[in-house]
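Remarks on the structure that follows.
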Amino acid sequence: MPHRAPGSPGHNKPGHYLTGKAITYYRPRGSADVRQLIDGGFQAFNAGRLSEACHIFADKMLSPENDTTIGLTVAGALTPAGLGGCAIELMERGLVDFIISTGANLYHDLHYALNFTLHRGSPFLDDVELYEQGIIRIYDVLFPATVLLETDSYIRDFLVRSNLAGPIATSELHYRLGLDLLERQPGSDQYSVLASAAKSGVPVYTSSPGDSSIGMNIAYHELMNGSTLMIDPNRDVNEICAIILAGKKNGCVILGGGSPKNFYLQGQPTLWEVYGIPKGGNDFFIQITTDQVVWGGLSGATPAEAVSWGKVNPGVLPDTVVAYCDSTIAFPLFCEYAVGSANSRRTRKELIHKRDHLVADLLRQARDAKNTASQVTEEPAEIDRHR
Ligand SMILES: NC(=O)c1ccc[n+]([C@@H]2O[C@H](COP(=O)([O-])OP(=O)(O)OC[C@H]3O[C@@H](n4cnc5c(N)ncnc54)[C@H](O)[C@@H]3O)[C@@H](O)[C@H]2O)c1
């Protein structure tokens with residue numbers, strides 16, 4: 001087959017595969033029927049676990065007296081499947097305080113932000129023909145390869161006009177991207193996770209910044225433009241750790257698993273194991289995943305296993321649950337339930353504006369912990385001297 005650059009027109013009639021309906025961001029509205037189904041119909045097996053997850057979230061994590069700091073972690077191709085609207089709804093209502101996502105989900109969110117169309121299709125297509133026609137497939141989601149090229153071009157232009165330089169956290173990169181979208185695509189907070197997060201003050205992190213088209217374009221910016229901009233994962237680690245430290249209670253909703261799951265959960269070990277600050281572990285843990293425990297990988301690891309690492313508080317296992325479901329089905333149901341619940345709105349924490357203050361507090365507490373630890377280790381020497 002002759003080589004072609006992806007996105008160039010193929011030999012067949014273009015557009016044949018792109019006739020499916022546009023995928024849009026679905027916004028949960030708090031359907032009473034869905035709540036009735038979850039409460040009355042989802043009784044056992046993974047339906048039972050999903051119902052349990054809905055109750056832990058709506059009744060406990062969102063309860064005003066718990067004032068839980070809630071992290072949402074996102075892996076799997078969820079924005080391409082149209083699930084960004086669920087995240088937007090949760091952010092607007094103050095029901096999640098920060099997000100950790102794969103870069104891919106944030107990159108594909110930009111297609112929506114820039115008003116490109118992703119189409120409903122089929123997973124059973126001829127991929128060689130798709131390639132010849134310049135069409136990209138993510139399972140059954142189809143879009144022209146030109147969408148990739150134009151999204152990449154937007155990222156590169158943004159990097160130039162933003163003047164971002166030196167080491168920055170991914171929360172800063174995504175915040176600035178979101179602000180740029182709000183300015184250039186007015187109203188995009190309604191159809192872009194990044195724009196909505198910037199408006200709602202929700203920090204968005206990515207655990208593997210080089211592993212996405214956003215990272216690829218930052219690499220271009222360094223090589224081709226001589227930019228000094230680089231993502232500093234240390235800042236992300238410390239910011240997330242500081243956010244968790246400041247939480248009255250901490251809880252997570254983990255979609256899929258992958259590296260965002262650990263990037264969230266490692267916050268507690270960073271506190272006790274590295275900084276010497278005992279925080280006690282996560283108070284609530286909800287995971288919706290297709291991963292299984294038997295392979296031994298982190299994505300399938302249970303909340304009980306996380307207890308041994310000090311990631312989850314040993315006293316709270318009843319407030320943890322894993323629903324073995326496809327998140328594209330379970331998460332919209334979960335969000336309908338939360339939006340229709342009595343605790344469907346909280347005051348937004350707007351952590352994006354508090355990061356420096358929180359990290360300064362982490363530093364202060366870590367220094368105190370270090371001083372205390374060194375005094376304790378010096379004590380036996382003191383005793384020896386007086387013997
Ligand atoms: N162009 C891009 O930017 C691009 C495209 C694709 C992937 N990537 C990168 O590749 C890496 C892997 O991404 P990934 O999204 O495949 O995640 P992943 O494979 O790291 O983790 C996803 C985990 O979640 C589970 N999962 C996936 N879909 C699920 C679903 N529908 N329901 C329940 N559980 C589900 C899987 O079992 C999997 O183990 C990321 O770093 C991402 O940024 C980049």
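Letters A, B, ... go to the chains of the structure tokens in the order shown; residues in each chain start at 1; ligands are counted from 1 in the same order.
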
When you look at Leu179 of chain A with a cut-off of 12 Å (counting only C-alpha atoms), what residues show up, excluding the ones that are within fewer than 5 positions of it in the same chain? I need them as a list of chain:residue names. A:Ala113, A:Phe158, A:Ser162, A:Glu172, A:Leu173, A:His174, A:Arg184, A:Gln185, A:Pro186, A:Gly187, A:Ser188, A:Asp189, A:Ser192, A:Val193, A:Leu194, A:Ala195, A:Ser196, A:Ala197, A:Ala198, A:Lys199, A:Ser200, A:Gly201

Just-selected residues, N, CA and C atoms written as a PDB file, in the first residue's frame:
ATOM      1  N   ALA A 113     -14.349  20.990  22.319  1.00  0.00           N
ATOM      2  CA  ALA A 113     -14.173  22.420  22.611  1.00  0.00           C
ATOM      3  C   ALA A 113     -14.047  23.223  21.320  1.00  0.00           C
ATOM      4  N   PHE A 158      -1.635  27.642  20.822  1.00  0.00           N
ATOM      5  CA  PHE A 158      -1.867  28.033  22.225  1.00  0.00           C
ATOM      6  C   PHE A 158      -0.533  28.129  22.964  1.00  0.00           C
ATOM      7  N   SER A 162       0.559  31.556  24.651  1.00  0.00           N
ATOM      8  CA  SER A 162       0.467  31.567  26.118  1.00  0.00           C
ATOM      9  C   SER A 162       1.753  32.048  26.789  1.00  0.00           C
ATOM     10  N   GLU A 172      -1.585  23.690  35.989  1.00  0.00           N
ATOM     11  CA  GLU A 172      -1.409  25.022  35.412  1.00  0.00           C
ATOM     12  C   GLU A 172      -1.607  24.980  33.894  1.00  0.00           C
ATOM     13  N   LEU A 173      -0.993  23.983  33.264  1.00  0.00           N
ATOM     14  CA  LEU A 173      -1.147  23.846  31.804  1.00  0.00           C
ATOM     15  C   LEU A 173      -2.625  23.742  31.433  1.00  0.00           C
ATOM     16  N   HIS A 174      -3.346  22.866  32.137  1.00  0.00           N
ATOM     17  CA  HIS A 174      -4.750  22.639  31.782  1.00  0.00           C
ATOM     18  C   HIS A 174      -5.618  23.846  32.123  1.00  0.00           C
ATOM     19  N   ARG A 184     -11.530  32.046  23.486  1.00  0.00           N
ATOM     20  CA  ARG A 184     -11.644  31.911  22.029  1.00  0.00           C
ATOM     21  C   ARG A 184     -12.898  31.183  21.589  1.00  0.00           C
ATOM     22  N   GLN A 185     -13.462  30.375  22.456  1.00  0.00           N
ATOM     23  CA  GLN A 185     -14.681  29.626  22.123  1.00  0.00           C
ATOM     24  C   GLN A 185     -15.713  29.943  23.208  1.00  0.00           C
ATOM     25  N   PRO A 186     -16.287  31.138  23.177  1.00  0.00           N
ATOM     26  CA  PRO A 186     -17.211  31.514  24.256  1.00  0.00           C
ATOM     27  C   PRO A 186     -18.323  30.472  24.415  1.00  0.00           C
ATOM     28  N   GLY A 187     -18.620  30.146  25.666  1.00  0.00           N
ATOM     29  CA  GLY A 187     -19.650  29.139  25.948  1.00  0.00           C
ATOM     30  C   GLY A 187     -19.111  27.724  25.988  1.00  0.00           C
ATOM     31  N   SER A 188     -17.806  27.559  25.734  1.00  0.00           N
ATOM     32  CA  SER A 188     -17.253  26.196  25.657  1.00  0.00           C
ATOM     33  C   SER A 188     -17.246  25.499  27.020  1.00  0.00           C
ATOM     34  N   ASP A 189     -17.482  26.248  28.109  1.00  0.00           N
ATOM     35  CA  ASP A 189     -17.580  25.576  29.413  1.00  0.00           C
ATOM     36  C   ASP A 189     -18.752  24.595  29.431  1.00  0.00           C
ATOM     37  N   SER A 192     -16.941  21.443  27.050  1.00  0.00           N
ATOM     38  CA  SER A 192     -15.536  21.043  27.172  1.00  0.00           C
ATOM     39  C   SER A 192     -15.171  20.882  28.644  1.00  0.00           C
ATOM     40  N   VAL A 193     -14.593  19.758  28.986  1.00  0.00           N
ATOM     41  CA  VAL A 193     -14.173  19.503  30.377  1.00  0.00           C
ATOM     42  C   VAL A 193     -13.118  20.530  30.792  1.00  0.00           C
ATOM     43  N   LEU A 194     -12.149  20.793  29.904  1.00  0.00           N
ATOM     44  CA  LEU A 194     -11.067  21.707  30.279  1.00  0.00           C
ATOM     45  C   LEU A 194     -11.586  23.131  30.476  1.00  0.00           C
ATOM     46  N   ALA A 195     -12.471  23.576  29.589  1.00  0.00           N
ATOM     47  CA  ALA A 195     -13.022  24.936  29.737  1.00  0.00           C
ATOM     48  C   ALA A 195     -13.880  25.016  30.990  1.00  0.00           C
ATOM     49  N   SER A 196     -14.691  24.001  31.220  1.00  0.00           N
ATOM     50  CA  SER A 196     -15.566  23.995  32.388  1.00  0.00           C
ATOM     51  C   SER A 196     -14.744  23.962  33.680  1.00  0.00           C
ATOM     52  N   ALA A 197     -13.674  23.161  33.681  1.00  0.00           N
ATOM     53  CA  ALA A 197     -12.821  23.070  34.873  1.00  0.00           C
ATOM     54  C   ALA A 197     -12.204  24.425  35.188  1.00  0.00           C
ATOM     55  N   ALA A 198     -11.750  25.125  34.157  1.00  0.00           N
ATOM     56  CA  ALA A 198     -11.143  26.446  34.385  1.00  0.00           C
ATOM     57  C   ALA A 198     -12.182  27.382  34.979  1.00  0.00           C
ATOM     58  N   LYS A 199     -13.404  27.318  34.467  1.00  0.00           N
ATOM     59  CA  LYS A 199     -14.465  28.206  34.972  1.00  0.00           C
ATOM     60  C   LYS A 199     -14.858  27.845  36.406  1.00  0.00           C
ATOM     61  N   SER A 200     -14.889  26.546  36.707  1.00  0.00           N
ATOM     62  CA  SER A 200     -15.312  26.109  38.048  1.00  0.00           C
ATOM     63  C   SER A 200     -14.158  26.056  39.046  1.00  0.00           C
ATOM     64  N   GLY A 201     -12.950  26.345  38.604  1.00  0.00           N
ATOM     65  CA  GLY A 201     -11.799  26.348  39.519  1.00  0.00           C
ATOM     66  C   GLY A 201     -11.350  24.954  39.931  1.00  0.00           C
TER      67      GLY A 201
END

Test item: residues no farther than 7 Å from ligand 1, counting only C-alpha atoms and all ligand atoms, as a list in words: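 So, counting only C-alpha atoms and all ligand atoms, the residues near ligand 1 are Ala75, Gly76, Ala77, Leu78, Thr102, Gly103, Ala104, Asn105, Tyr107, Ser208, Asp211, Ser212, Ser213, Ile214, Leu255, Gly256, Gly257, Gly258, Ser259, Ile288, Thr289, Thr290, Asp291, Ser299, Cys325, Asp326, Ser327 and Thr328 of chain A.
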
Among the residues A:Gly85, A:Gly41, A:Gly48, A:Gly134, the one that comes closest to Leu18 of chain A [using only C-alpha atoms]: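 Checking each candidate against Leu18 of chain A, we get A:Gly134 as the closest.
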
Going by DSSP on the backbone, which bits of segment 58-162 of chain A are strand (DSSP E)? Write them as a PyMOL selection string, please. chain A and resi 68-74+98-101+119-120+135-138+141-144

Please provide the set of residues having any atom within 12 Å of segment 136-144 of chain A, restricted to only C-alpha atoms, with same-chain residues fewer than 2 positions apart removed, written as number ranges by chain. A: 6-10, 14-24, 76-82, 104-105, 108, 111-112, 116-134, 146-151
